[in-house]
Amino acid sequence: MKNTASLGILAWAALSGATMAQDVTLTIESWRNDDLTLWQDTIIPAFEAANPGIKIQFTPSAPAEYNAVLNSKLDAGSAGDLITCRPFDASLALFQGGKLADLTDLEAMANFSDVAKSAWQTDDGAATFCVPMASVIHGFLYNKDAFAELGLEVPVTEDQFFAVLDKIKEDGTYIPMAMGTNDQWEAATMGYQNIGPTYWKGEEGRLALIKGEQKLTDPQWTEPYATLAKWAPYLGDGYEAQTYPDSQNLFTLGRAAIYPTGSWEISGFNTLAEFEMGVFAPPVKAEGDTCYISDHTDIAIGLNAASPNAEAGRTFLNWVGSEEFATLYANALPGFFSLSSFDVPMEDPVAQEFVSWRGKCESTIRSTYQILSRGTPNLENETWGASVAAIKGSETPEAIGQRLQTGLDSWYKPQP
Amino acid sequence: MTKPRIRWHIGLFLAPAVAVYTAVMIFPLFNTLRLALFSRVDQERVFVGLDNFRTLFLDPLWSDQFWNALGNNFWFFLVHMLVQNPIGIALAAILSHPRLRFAALYRSAIFIPTILSFVIVGFAWKLILSPIWGIAPGMLDAVGLKSLFQPWLGKEEYALTTLALISVWQFVGIPMMLIYAALLSIPEEVIEAGEIDGVTGMAAFWKIKLPLILPSIGIISILTFVGNFNAFDLIYASQGALAGPNFSTDILGTFMYRTFFGFQLQLGDPHMGSAIASAMFAVILLGVCVYLFGIQTRIRRYQL
């Protein structure tokens, strides 16, 4: 079946002209449909110019459907040559299922630290199967013009944060904070995982949770839900039905002053917002506390094990691991920070501010991604609903913690 | 006496339809039922008998979701039966009135949403009802009823009913058309005979027309039942695969999709997904059997 298909493609390639005969076309599967033009206009031409004979096609699908679509395509044998990798278990399962090729011996892997590679390795770190591309950092974008107009200072502590929200609400010109609960993941990703690391002390809490030394019922894991519950009065009218694009538009149209977010929004917002954007880190509890940020290893790229063009694929992956790609990508997509060891210069001021926190604060990744979302019920998906329930006040933080821990206990036995 | 000839041509003529139907319907159906009896353990597919169903019905983590989805499905169906079909019948009765002008225009206008894609309908209504950009708050404000506005699609208590009513809006044309056709097929003489006996106006509808279109109403009910229990598209298009808020709009279709194909970090599990699909099949089969043996055989038919 597959042989006839590839024969067909060969025949078609042969028919389409003798000059093209040696060209190999690599297809990239991705969820970054927002980046289509960037790939087509910047990245692909740069690669094709340096590597004649290899053509690249970027074929993204919608983010929420990506995993489902990709899995069915891989099972059916119709997936592209290069696979954009989600961090941790989704990709690990693909590697263990023999769908992703082992890239441990790829030359470019030397350009990445162990931490950068950890999201795309087997649990023992023996095999690496995707080339890390970028991480994203969480924070709060704000409208600088609005802050100047209302005479507001950028908040550092949580008290200051709520004081600022109060002032914006009192003034009434702006919606204090743009976030809705309709799509659920914003509440978890931009809410819980954004402010949470400060409470559970980043890596310390995350690893303790995996080892079973901490429980989701512990105060450091339930307190962020209590804080989220305090957000509700500052979100716009009808936030229950507000979608992610609604929130994006409210902020870029200048109707909302603060937008809890991740750095991936920068490039999109730069073209939309007509005011000056600033960003502040998740507030700490008391002045002088160590700050923690979520610097999440988010995106990598691997090779389909069934790809007939493995050689060309590895050439491309080596290029993805190069300094040239890191610089291209980080500047074309400010907000996606390179994971390579190269010192990549960035021009965007907001992106610079985001990345400067790496020096001041402790970095961690999202707490639910490694190992803990391997079973059913899936902790990450459960956290979406839990964060929404916290904001709406339909469940107490303690009840949420209890529910999540019970779900986790049902399939996860920590390895001490 | 000659033996009756074997009529090969019947088989020959049936063959293409049977082959196509087997390939695209019967085989996948039985394969799904078969898949539900397996599970994946350490990359190996192993036969586990009815274990998946035991998990689905007895493990509280799964059964809560299943009963929630089934309950939501019944509510979705009930709204259609109580709102869509009576309105459809009423519209058909009005349209078949001989003195109604522009009947064809109304008929087309009401039927048009039916041919729209779910994605368009879901998206359009989401925008109409949006508390931020939607026209619904503005329209309510214009008549002084702003206080009645709620972010309906975002509230657990209203979201499912709202979606059911959107679906009613989209599909009310189907019962209308079927009943309309049934009403037109009632011979004029029957109505006239009724008029001579003094049965006119509303009484003519209740006493003569309604009993005559009862078989059509039965067919519509069963079509609604099957359609609703297979529903997926509208919920998926407007609320996503997590069927928010807090699973309040989760129906069997979205539950099956999430389980079978996976969602975000949740990995797809074709075996549990097939178990849910089999359960859906059983529910629908049961419903259709109840209708066929319990109701349809008792409906009195009149020879016209």
# chains A, B, ... in the order shown; residues from 1 in each chain; ligands from 1

$ select_by_dssp --residues "stretch 76-239 of chain B" --states "helix (DSSP H, G or I)" --output "JSON, numbers by chain"
{"B": [76, 77, 78, 79, 80, 81, 82, 83, 84, 85, 86, 87, 88, 89, 90, 91, 92, 93, 94, 95, 103, 104, 105, 106, 107, 108, 109, 110, 111, 112, 113, 114, 115, 118, 119, 120, 121, 122, 123, 124, 125, 126, 127, 128, 129, 136, 137, 138, 139, 140, 141, 142, 146, 147, 148, 152, 153, 154, 156, 157, 158, 159, 160, 161, 162, 163, 164, 165, 166, 167, 168, 169, 170, 171, 173, 174, 175, 176, 177, 178, 179, 180, 181, 182, 183, 184, 188, 189, 190, 191, 192, 193, 194, 195, 196, 201, 202, 203, 204, 205, 206, 207, 208, 209, 210, 211, 212, 213, 214, 215, 216, 217, 218, 219, 220, 221, 222, 223, 224, 225, 226, 227, 228, 229, 233, 234, 235, 236, 237, 238, 239]}

$ residues_around --residues "A:Glu223" --least-positions-apart "6" --cutoff "12 Å" --atoms "only C-alpha atoms" --output "list in words"
Tyr192, Ile195, Gly196, Pro197, Thr198, Tyr199, Trp200, Leu216, Thr217, Ala229, Lys230, Lys285, Ser387, Ala390, Thr396, Pro397, Glu398, Ala399, Ile400 and Gly401 of chain A

$ residues_around --residues "stretch 148-160 of chain A" --least-positions-apart "5" --cutoff "10 Å" --atoms "only C-alpha atoms" --output "JSON, numbers by chain"
{"A": [142, 143, 165, 166, 167, 168, 171, 173, 195, 227, 278, 279, 280, 281, 282, 283, 284, 285, 286, 287, 288, 289, 291]}

$ closest_residue --among "A:Ala241, A:Leu82, A:Ile266, A:Leu38" --to "B:Leu127" --atoms "only C-alpha atoms"
A:Ala241

$ select_by_dssp --residues "stretch 129-367 of chain A" --states "strand (DSSP E or B)" --output "mmCIF file with N, CA and C atoms, in the first residue's frame"
data_model
loop_
_atom_site.group_PDB
_atom_site.id
_atom_site.type_symbol
_atom_site.label_atom_id
_atom_site.label_comp_id
_atom_site.auth_asym_id
_atom_site.auth_seq_id
_atom_site.Cartn_x
_atom_site.Cartn_y
_atom_site.Cartn_z
ATOM 1 N N CYS A 130 13.760 14.877 19.828
ATOM 2 C CA CYS A 130 13.374 16.095 19.112
ATOM 3 C C CYS A 130 14.425 17.169 19.350
ATOM 4 N N VAL A 131 14.611 18.055 18.356
ATOM 5 C CA VAL A 131 15.546 19.162 18.501
ATOM 6 C C VAL A 131 14.794 20.341 19.124
ATOM 7 N N PRO A 132 15.202 20.789 20.324
ATOM 8 C CA PRO A 132 14.470 21.879 20.988
ATOM 9 C C PRO A 132 14.481 23.146 20.139
ATOM 10 N N MET A 133 13.326 23.796 20.051
ATOM 11 C CA MET A 133 13.264 25.036 19.280
ATOM 12 C C MET A 133 13.135 26.249 20.185
ATOM 13 N N ALA A 134 12.155 26.227 21.093
ATOM 14 C CA ALA A 134 11.922 27.447 21.851
ATOM 15 C C ALA A 134 11.169 27.183 23.139
ATOM 16 N N SER A 135 11.291 28.137 24.067
ATOM 17 C CA SER A 135 10.486 28.105 25.288
ATOM 18 C C SER A 135 9.653 29.379 25.329
ATOM 19 N N VAL A 136 8.620 29.349 26.154
ATOM 20 C CA VAL A 136 7.794 30.547 26.337
ATOM 21 C C VAL A 136 7.753 30.879 27.825
ATOM 22 N N ILE A 137 7.679 32.175 28.124
ATOM 23 C CA ILE A 137 7.679 32.632 29.516
ATOM 24 C C ILE A 137 6.338 33.301 29.810
ATOM 25 N N HIS A 138 5.786 33.015 30.984
ATOM 26 C CA HIS A 138 4.519 33.637 31.373
ATOM 27 C C HIS A 138 4.743 34.957 32.083
ATOM 28 N N GLY A 139 3.775 35.842 31.962
ATOM 29 C CA GLY A 139 3.837 37.122 32.656
ATOM 30 C C GLY A 139 2.545 37.876 32.416
ATOM 31 N N PHE A 140 2.548 39.171 32.713
ATOM 32 C CA PHE A 140 1.362 39.998 32.491
ATOM 33 C C PHE A 140 1.724 41.133 31.535
ATOM 34 N N LEU A 141 1.121 41.158 30.359
ATOM 35 C CA LEU A 141 1.306 42.297 29.469
ATOM 36 C C LEU A 141 0.416 43.430 29.975
ATOM 37 N N TYR A 142 0.873 44.670 29.818
ATOM 38 C CA TYR A 142 -0.012 45.780 30.195
ATOM 39 C C TYR A 142 0.099 46.905 29.184
ATOM 40 N N ASN A 143 -0.942 47.733 29.202
ATOM 41 C CA ASN A 143 -1.038 48.861 28.298
ATOM 42 C C ASN A 143 -0.326 50.036 28.961
ATOM 43 N N THR A 157 4.450 43.300 44.196
ATOM 44 C CA THR A 157 3.876 42.343 45.134
ATOM 45 C C THR A 157 2.408 42.116 44.797
ATOM 46 N N ILE A 175 -11.295 47.872 31.134
ATOM 47 C CA ILE A 175 -11.543 46.623 31.853
ATOM 48 C C ILE A 175 -10.216 46.287 32.519
ATOM 49 N N PRO A 176 -10.188 46.034 33.838
ATOM 50 C CA PRO A 176 -8.888 45.841 34.491
ATOM 51 C C PRO A 176 -8.057 44.722 33.858
ATOM 52 N N MET A 177 -8.693 43.554 33.615
ATOM 53 C CA MET A 177 -7.894 42.432 33.140
ATOM 54 C C MET A 177 -8.687 41.682 32.068
ATOM 55 N N LEU A 235 -12.393 40.885 35.872
ATOM 56 C CA LEU A 235 -12.528 40.463 34.483
ATOM 57 C C LEU A 235 -13.775 41.144 33.916
ATOM 58 N N ALA A 256 -8.812 46.780 27.452
ATOM 59 C CA ALA A 256 -8.424 46.196 28.728
ATOM 60 C C ALA A 256 -6.995 46.624 29.048
ATOM 61 N N ALA A 257 -6.688 46.810 30.332
ATOM 62 C CA ALA A 257 -5.387 47.360 30.707
ATOM 63 C C ALA A 257 -4.329 46.286 30.905
ATOM 64 N N ILE A 258 -4.736 45.143 31.473
ATOM 65 C CA ILE A 258 -3.761 44.095 31.775
ATOM 66 C C ILE A 258 -4.198 42.804 31.105
ATOM 67 N N TYR A 259 -3.217 42.028 30.657
ATOM 68 C CA TYR A 259 -3.526 40.778 29.975
ATOM 69 C C TYR A 259 -2.590 39.686 30.474
ATOM 70 N N PRO A 260 -3.104 38.767 31.294
ATOM 71 C CA PRO A 260 -2.255 37.674 31.763
ATOM 72 C C PRO A 260 -1.935 36.762 30.585
ATOM 73 N N THR A 261 -0.675 36.447 30.383
ATOM 74 C CA THR A 261 -0.334 35.850 29.093
ATOM 75 C C THR A 261 0.954 35.069 29.112
ATOM 76 N N GLY A 262 1.357 34.649 27.944
ATOM 77 C CA GLY A 262 2.664 34.063 27.730
ATOM 78 C C GLY A 262 3.368 34.847 26.648
ATOM 79 N N MET A 277 3.283 48.543 24.604
ATOM 80 C CA MET A 277 3.065 47.418 25.506
ATOM 81 C C MET A 277 4.218 47.298 26.489
ATOM 82 N N GLY A 278 3.897 46.925 27.704
ATOM 83 C CA GLY A 278 4.926 46.599 28.675
ATOM 84 C C GLY A 278 4.596 45.256 29.273
ATOM 85 N N VAL A 279 5.491 44.766 30.100
ATOM 86 C CA VAL A 279 5.223 43.464 30.697
ATOM 87 C C VAL A 279 5.782 43.440 32.113
ATOM 88 N N PHE A 280 5.050 42.805 33.040
ATOM 89 C CA PHE A 280 5.615 42.606 34.367
ATOM 90 C C PHE A 280 5.495 41.143 34.774
ATOM 91 N N VAL A 284 5.077 38.778 43.478
ATOM 92 C CA VAL A 284 5.495 37.946 44.613
ATOM 93 C C VAL A 284 4.643 38.303 45.815
ATOM 94 N N TYR A 292 9.555 33.663 40.935
ATOM 95 C CA TYR A 292 9.624 32.431 40.153
ATOM 96 C C TYR A 292 8.873 32.663 38.849
ATOM 97 N N ILE A 293 9.425 32.172 37.757
ATOM 98 C CA ILE A 293 8.713 32.320 36.481
ATOM 99 C C ILE A 293 8.579 30.958 35.805
ATOM 100 N N SER A 294 7.529 30.845 35.014
ATOM 101 C CA SER A 294 7.343 29.650 34.217
ATOM 102 C C SER A 294 8.033 29.877 32.873
ATOM 103 N N ASP A 295 9.161 29.209 32.665
ATOM 104 C CA ASP A 295 9.935 29.332 31.426
ATOM 105 C C ASP A 295 9.804 27.980 30.748
ATOM 106 N N HIS A 296 8.698 27.822 30.046
ATOM 107 C CA HIS A 296 8.265 26.491 29.660
ATOM 108 C C HIS A 296 8.856 26.032 28.331
ATOM 109 N N THR A 297 9.567 24.898 28.362
ATOM 110 C CA THR A 297 10.074 24.306 27.126
ATOM 111 C C THR A 297 8.866 23.853 26.319
ATOM 112 N N ASP A 298 8.611 24.540 25.223
ATOM 113 C CA ASP A 298 7.294 24.421 24.610
ATOM 114 C C ASP A 298 7.309 23.720 23.265
ATOM 115 N N ILE A 299 8.368 23.898 22.492
ATOM 116 C CA ILE A 299 8.283 23.452 21.104
ATOM 117 C C ILE A 299 9.629 22.897 20.628
ATOM 118 N N ALA A 300 9.565 21.805 19.908
ATOM 119 C CA ALA A 300 10.758 21.169 19.368
ATOM 120 C C ALA A 300 10.349 20.521 18.043
ATOM 121 N N ILE A 301 11.320 19.934 17.366
ATOM 122 C CA ILE A 301 10.967 19.313 16.094
ATOM 123 C C ILE A 301 11.730 18.002 15.935
ATOM 124 N N GLY A 302 11.019 16.975 15.502
ATOM 125 C CA GLY A 302 11.617 15.652 15.371
ATOM 126 C C GLY A 302 11.386 15.073 13.987
ATOM 127 N N LEU A 303 11.855 13.846 13.821
ATOM 128 C CA LEU A 303 11.810 13.207 12.507
ATOM 129 C C LEU A 303 10.863 12.016 12.557
ATOM 130 N N ASN A 304 9.934 11.992 11.624
ATOM 131 C CA ASN A 304 9.022 10.860 11.498
ATOM 132 C C ASN A 304 9.834 9.599 11.180
ATOM 133 N N PHE A 337 11.670 31.974 22.912
ATOM 134 C CA PHE A 337 13.066 32.160 23.258
ATOM 135 C C PHE A 337 13.863 30.909 22.951
ATOM 136 N N SER A 338 14.990 31.120 22.311
ATOM 137 C CA SER A 338 15.803 29.993 21.887
ATOM 138 C C SER A 338 16.270 29.182 23.088
ATOM 139 N N SER A 340 18.827 27.060 22.667
ATOM 140 C CA SER A 340 20.197 26.664 22.365
ATOM 141 C C SER A 340 21.173 27.420 23.266
ATOM 142 N N GLU A 362 13.854 32.536 39.564
ATOM 143 C CA GLU A 362 14.070 31.098 39.384
ATOM 144 C C GLU A 362 13.120 30.607 38.289
ATOM 145 N N SER A 363 13.642 29.803 37.372
ATOM 146 C CA SER A 363 12.802 29.301 36.270
ATOM 147 C C SER A 363 12.248 27.926 36.602
ATOM 148 N N THR A 364 11.070 27.663 36.096
ATOM 149 C CA THR A 364 10.490 26.329 36.217
ATOM 150 C C THR A 364 9.669 26.080 34.959
#
